Amino acid sequence: MKEEILTKYPNLKDVSDLNEVFWLNPKLVPYEEGARAINMNIAAIDDAEKRLKKFAPLIEKVFPETLPTGGIIESPIKEINRMKDKLQKLYNFDSAGRLLLKMDSHLAIAGSIKARGGIYEVLKHAETLAMEAGLLKEDDDYSILADQKFRDFFGKYKIQVGSTGNLGLSIGITSAALGFNVIVHMSADAKQWKKDLLRAKGATVIEYESDYSKAVEEGRKASDQDPMSYFVDDENSMNLFMGYSVAARRLKNQLDDLNILVDEAHPLFVYLPCGVGGAPGGIAYGLKSVYKDNVHCFFVEPTHAPCMLVGMATGLHNEISVRDLGIDGITHADGLAVGRPSKLVGKMMDYLLGGVITIDDYKLYDYMRNLHETENKDIEPSACAAFEGFVKFETTDEGKEYIKRHNLENNMKNAVHIAWATGGSLVPEEINKQFLETYLR
């Protein structure tokens, strides 16, 4: 199998050899052309944004930590000049642009990027059930969904999900808080502290000795056999995808507040750690809808789990696994430990994504320590993959080729780079200390 694939796709040789690569997407086209090719649905993003505002009173009531933001779950964005200086010194380059950290690592409730899509999907399902039962009307104050009668009602239903960790936390915490019976099917690489936290929040955790795809497969199968169960499908869910996409509208407001202009002369580069693809894909989709050709999105994956790169480079998407190339799929970046990409997302990204970058595991801890030392911010190892996007873009021939191909040479001095931190604030302090002190090169 491996030999056949490499004969047909020789550019995957370095990937199969576990070398770091920077793959430029040959299918990337101007925004309008790409949006037509994938039938981009702006109305669905609008709908998700409106629904999240409608749910804000409920979120505020169930999760008091969101009181300061009125039930809107959003993360801060911070310019990280000291981190930028450190990276330039370590990797010997000089970037004229600005480097910002988008801290989904510190999102309320779930402490990760998965709070966006996961919470949205659970709430949308709760809304559907309540309306179908005649318990909720369109013009009601949605905070009533926190009342005991709704908890009793939701208690008749199950929500199930397969996860390496963060999506499980998002779905588990939200579902249990509303009264649902929630079952999280977790792969072998899921961290113990995430399983412990889920159980403490009232979720049932089923553990597997296999990978993410198996956890999803078994979770889907179990849910399909129960008419009272709903499966949150990270590989194929449009609700999750649209929940993530709303991040782009909110990012625009944040950049506007910081007087950061994004236009042809002021390009935006965004680096997103990628597992199965739902969260980074949804965010990239939303960003392209807002900034069109002025935003350039890149995914970053571990060298041992480059599923989106393999799926997109071959055009086979979910029909190929990294194991078909002899890659084990085992990585310290547990949230990115996925062997087979989302069919939905890969096809959505075909004409919108700038490319995919891969990173060796040891660098995740280097970046983690660098951020801790320079900015006193802690994010989990998988989130640190985002920094490799910035470094690779600024230091490789592929980065220079991308700049040339898109006529960006004269505008890079005005560029803004965003490293999207995908998780970390819920990591227990003792685990975080281990991350910072171990896995030295």
# chains A, B, ... in the order shown; residues from 1 in each chain; ligands from 1
$ residues_around --residues "range 214-229 of chain A" --least-positions-apart "5" --cutoff "8 Å" --atoms "only C-alpha atoms" --output "JSON, numbers by chain"
{"A": [156, 157, 158, 159, 160, 161, 162, 163, 184, 185, 186, 187, 208]}
$ write_last_selection --atoms "N, CA and C atoms" --output "mmCIF file, in the first residue's frame"
data_model
loop_
_atom_site.group_PDB
_atom_site.id
_atom_site.type_symbol
_atom_site.label_atom_id
_atom_site.label_comp_id
_atom_site.auth_asym_id
_atom_site.auth_seq_id
_atom_site.Cartn_x
_atom_site.Cartn_y
_atom_site.Cartn_z
ATOM 1 N N LYS A 156 -33.841 12.288 29.958
ATOM 2 C CA LYS A 156 -34.330 11.098 29.242
ATOM 3 C C LYS A 156 -33.464 10.784 28.013
ATOM 4 N N TYR A 157 -32.604 11.724 27.666
ATOM 5 C CA TYR A 157 -31.832 11.602 26.424
ATOM 6 C C TYR A 157 -30.332 11.436 26.687
ATOM 7 N N LYS A 158 -29.653 10.841 25.703
ATOM 8 C CA LYS A 158 -28.203 10.684 25.765
ATOM 9 C C LYS A 158 -27.543 11.525 24.677
ATOM 10 N N ILE A 159 -26.349 11.990 24.985
ATOM 11 C CA ILE A 159 -25.473 12.585 23.970
ATOM 12 C C ILE A 159 -24.154 11.821 24.040
ATOM 13 N N GLN A 160 -23.649 11.392 22.868
ATOM 14 C CA GLN A 160 -22.407 10.631 22.830
ATOM 15 C C GLN A 160 -21.429 11.277 21.847
ATOM 16 N N VAL A 161 -20.134 11.092 22.114
ATOM 17 C CA VAL A 161 -19.105 11.677 21.269
ATOM 18 C C VAL A 161 -17.840 10.829 21.368
ATOM 19 N N GLY A 162 -17.062 10.788 20.280
ATOM 20 C CA GLY A 162 -15.736 10.169 20.290
ATOM 21 C C GLY A 162 -14.701 11.268 20.307
ATOM 22 N N SER A 163 -13.640 11.108 21.120
ATOM 23 C CA SER A 163 -12.718 12.225 21.298
ATOM 24 C C SER A 163 -11.342 11.774 21.748
ATOM 25 N N VAL A 184 -18.717 9.770 26.744
ATOM 26 C CA VAL A 184 -17.576 10.178 25.928
ATOM 27 C C VAL A 184 -16.699 8.959 25.663
ATOM 28 N N HIS A 185 -16.537 8.623 24.388
ATOM 29 C CA HIS A 185 -15.711 7.500 23.965
ATOM 30 C C HIS A 185 -14.314 8.046 23.678
ATOM 31 N N MET A 186 -13.320 7.632 24.481
ATOM 32 C CA MET A 186 -12.000 8.265 24.409
ATOM 33 C C MET A 186 -10.925 7.302 23.921
ATOM 34 N N SER A 187 -10.088 7.820 23.016
ATOM 35 C CA SER A 187 -9.024 7.014 22.420
ATOM 36 C C SER A 187 -7.874 6.815 23.399
ATOM 37 N N TYR A 208 -10.744 3.284 25.132
ATOM 38 C CA TYR A 208 -10.365 2.328 24.090
ATOM 39 C C TYR A 208 -8.850 2.216 24.028
#
$ residues_around --residues "Pro30 in chain A" --least-positions-apart "4" --cutoff "9 Å" --atoms "only C-alpha atoms" --output "PyMOL selection string"
chain A and resi 34-35+292-293+351-352
$ closest_atom_pairs --of "range 309-343 of chain A" --to "range 356-377 of chain A" --cutoff "7 Å" --atoms "only C-alpha atoms" --output "Markdown table"
| residue | atom | partner | partner_atom | distance |
| --- | --- | --- | --- | --- |
| A:Leu309 | CA | A:Val356 | CA | 5.9 |
| A:Thr331 | CA | A:Asp361 | CA | 6.7 |
| A:His332 | CA | A:Asp361 | CA | 6.3 |
$ residues_around --residues "range 302-304 of chain A" --least-positions-apart "5" --cutoff "9 Å" --atoms "only C-alpha atoms" --output "list of chain:residue names"
A:Val15, A:Ser16, A:Asp17, A:Leu18, A:Asn19, A:Glu20, A:Val21, A:Pro273, A:Cys274, A:Gly275, A:Val322, A:Ile327, A:Asp328, A:Gly329, A:Ile330, A:Thr331, A:His332, A:Ala333, A:Leu336, A:Ala337, A:Gly339, A:Ile357, A:Thr358, A:Ile359, A:Asp360, A:Asp361, A:Ser382, A:Ala385
$ residues_around --residues "Leu198 in chain A" --least-positions-apart "4" --cutoff "10 Å" --atoms "only C-alpha atoms" --output "number ranges by chain"
A: 165, 168-173, 176, 182-184, 192-194, 202-205
$ closest_residue --among "A:Lys50, A:Lys61, A:His125, A:Lys433" --to "Leu240 in chain A" --atoms "only C-alpha atoms"
A:His125
$ select_by_dssp --residues "range 340-405 of chain A" --states "strand (DSSP E)" --output "ChimeraX atom specification"
/A:355-359
$ write_last_selection --atoms "N, CA and C atoms" --output "PDB file, in the first residue's frame"
ATOM      1  N   GLY A 355      -2.014  25.960   2.987  1.00  0.00           N
ATOM      2  CA  GLY A 355      -1.134  24.803   3.030  1.00  0.00           C
ATOM      3  C   GLY A 355      -1.133  24.153   4.395  1.00  0.00           C
ATOM      4  N   VAL A 356      -0.297  23.118   4.535  1.00  0.00           N
ATOM      5  CA  VAL A 356      -0.171  22.381   5.793  1.00  0.00           C
ATOM      6  C   VAL A 356       1.304  22.249   6.141  1.00  0.00           C
ATOM      7  N   ILE A 357       1.619  22.481   7.400  1.00  0.00           N
ATOM      8  CA  ILE A 357       2.985  22.432   7.922  1.00  0.00           C
ATOM      9  C   ILE A 357       3.042  21.319   8.961  1.00  0.00           C
ATOM     10  N   THR A 358       4.140  20.569   9.021  1.00  0.00           N
ATOM     11  CA  THR A 358       4.243  19.535  10.054  1.00  0.00           C
ATOM     12  C   THR A 358       5.374  19.853  11.031  1.00  0.00           C
ATOM     13  N   ILE A 359       5.239  19.316  12.249  1.00  0.00           N
ATOM     14  CA  ILE A 359       6.169  19.642  13.332  1.00  0.00           C
ATOM     15  C   ILE A 359       6.552  18.387  14.113  1.00  0.00           C
TER      16      ILE A 359
END
$ decode --residues "range 214-332 of chain A" --atoms "C-alpha atoms" --output "short mmCIF file (atom, residue, chain, number, x, y, z; two decimals), in the first residue's frame"
data_model
loop_
_atom_site.label_atom_id
_atom_site.label_comp_id
_atom_site.auth_asym_id
_atom_site.auth_seq_id
_atom_site.Cartn_x
_atom_site.Cartn_y
_atom_site.Cartn_z
CA LYS A 214 -11.94 3.69 16.58
CA ALA A 215 -13.38 5.75 19.45
CA VAL A 216 -15.53 7.66 16.97
CA GLU A 217 -16.61 4.48 15.18
CA GLU A 218 -17.63 2.74 18.41
CA GLY A 219 -19.36 5.85 19.76
CA ARG A 220 -21.33 6.30 16.55
CA LYS A 221 -22.32 2.62 16.55
CA ALA A 222 -23.51 2.72 20.17
CA SER A 223 -25.48 5.90 19.58
CA ASP A 224 -27.11 4.62 16.39
CA GLN A 225 -28.51 1.65 18.33
CA ASP A 226 -30.29 3.91 20.83
CA PRO A 227 -33.23 6.02 19.56
CA MET A 228 -32.84 8.37 22.55
CA SER A 229 -29.18 9.04 21.77
CA TYR A 230 -27.58 11.81 19.69
CA PHE A 231 -24.05 11.46 18.34
CA VAL A 232 -21.82 14.51 17.99
CA ASP A 233 -19.79 13.59 14.91
CA ASP A 234 -16.51 15.50 14.84
CA GLU A 235 -15.75 14.03 11.41
CA ASN A 236 -18.95 15.11 9.65
CA SER A 237 -20.94 17.60 11.73
CA MET A 238 -21.97 20.80 9.97
CA ASN A 239 -23.29 22.15 13.31
CA LEU A 240 -19.84 21.84 14.89
CA PHE A 241 -18.27 23.37 11.80
CA MET A 242 -20.56 26.40 11.84
CA GLY A 243 -20.10 26.88 15.58
CA TYR A 244 -16.37 27.19 14.96
CA SER A 245 -16.87 29.53 12.00
CA VAL A 246 -18.41 32.25 14.19
CA ALA A 247 -14.93 32.83 15.68
CA ALA A 248 -13.98 34.77 12.55
CA ARG A 249 -16.65 37.45 13.04
CA ARG A 250 -15.57 37.92 16.63
CA LEU A 251 -11.90 38.04 15.68
CA LYS A 252 -12.69 40.86 13.26
CA ASN A 253 -14.26 42.86 16.10
CA GLN A 254 -11.20 42.26 18.26
CA LEU A 255 -8.78 43.32 15.52
CA ASP A 256 -10.92 46.40 14.83
CA ASP A 257 -10.74 47.29 18.53
CA LEU A 258 -6.95 47.01 18.34
CA ASN A 259 -6.95 49.24 15.22
CA ILE A 260 -5.46 46.39 13.21
CA LEU A 261 -6.36 46.75 9.56
CA VAL A 262 -6.68 43.73 7.29
CA ASP A 263 -6.77 44.48 3.56
CA GLU A 264 -4.68 43.86 0.45
CA ALA A 265 -1.81 45.95 1.78
CA HIS A 266 -2.13 44.50 5.31
CA PRO A 267 -2.35 40.70 4.96
CA LEU A 268 -3.38 38.39 7.79
CA PHE A 269 -1.72 34.99 8.34
CA VAL A 270 -3.34 32.47 10.67
CA TYR A 271 -1.73 29.24 11.91
CA LEU A 272 -4.11 26.59 13.24
CA PRO A 273 -3.16 23.27 14.90
CA CYS A 274 -5.10 20.50 13.16
CA GLY A 275 -6.37 17.07 14.22
CA VAL A 276 -9.39 15.70 12.36
CA GLY A 277 -9.91 19.20 10.95
CA GLY A 278 -13.29 20.39 12.24
CA ALA A 279 -12.17 23.28 14.44
CA PRO A 280 -9.40 24.71 12.23
CA GLY A 281 -11.51 24.11 9.14
CA GLY A 282 -14.51 25.96 10.57
CA ILE A 283 -12.36 28.88 11.66
CA ALA A 284 -10.58 29.07 8.29
CA TYR A 285 -13.95 28.91 6.52
CA GLY A 286 -15.23 31.80 8.63
CA LEU A 287 -12.05 33.82 8.17
CA LYS A 288 -12.19 33.49 4.39
CA SER A 289 -15.83 34.63 4.43
CA VAL A 290 -14.79 37.78 6.33
CA TYR A 291 -11.39 38.67 4.86
CA LYS A 292 -11.50 36.81 1.53
CA ASP A 293 -8.14 36.94 -0.29
CA ASN A 294 -6.55 39.06 2.44
CA VAL A 295 -6.33 36.17 4.92
CA HIS A 296 -3.99 33.21 4.49
CA CYS A 297 -4.75 30.14 6.59
CA PHE A 298 -2.38 27.27 7.35
CA PHE A 299 -2.88 24.09 9.34
CA VAL A 300 -0.11 22.61 11.49
CA GLU A 301 0.05 18.86 12.21
CA PRO A 302 2.49 16.52 14.01
CA THR A 303 4.89 14.60 11.76
CA HIS A 304 3.41 11.39 13.22
CA ALA A 305 -0.23 12.33 12.47
CA PRO A 306 -0.38 14.47 9.30
CA CYS A 307 -3.83 13.24 8.30
CA MET A 308 -5.16 16.43 6.69
CA LEU A 309 -2.01 16.90 4.64
CA VAL A 310 -2.16 13.30 3.36
CA GLY A 311 -5.90 13.53 2.64
CA MET A 312 -5.63 16.82 0.76
CA ALA A 313 -2.38 16.06 -1.09
CA THR A 314 -3.82 12.83 -2.49
CA GLY A 315 -7.36 14.13 -2.93
CA LEU A 316 -8.55 11.00 -1.10
CA HIS A 317 -9.52 12.88 2.09
CA ASN A 318 -11.07 10.41 4.58
CA GLU A 319 -10.41 7.46 2.26
CA ILE A 320 -6.75 7.41 3.28
CA SER A 321 -5.10 7.08 6.69
CA VAL A 322 -1.58 8.01 7.74
CA ARG A 323 -1.12 4.32 8.53
CA ASP A 324 -1.41 3.61 4.80
CA LEU A 325 1.92 5.45 4.56
CA GLY A 326 3.42 3.48 7.44
CA ILE A 327 2.99 6.38 9.89
CA ASP A 328 2.00 5.32 13.42
CA GLY A 329 -0.26 8.27 14.36
CA ILE A 330 1.30 8.42 17.83
CA THR A 331 2.14 11.91 19.10
CA HIS A 332 2.46 13.88 22.32
#
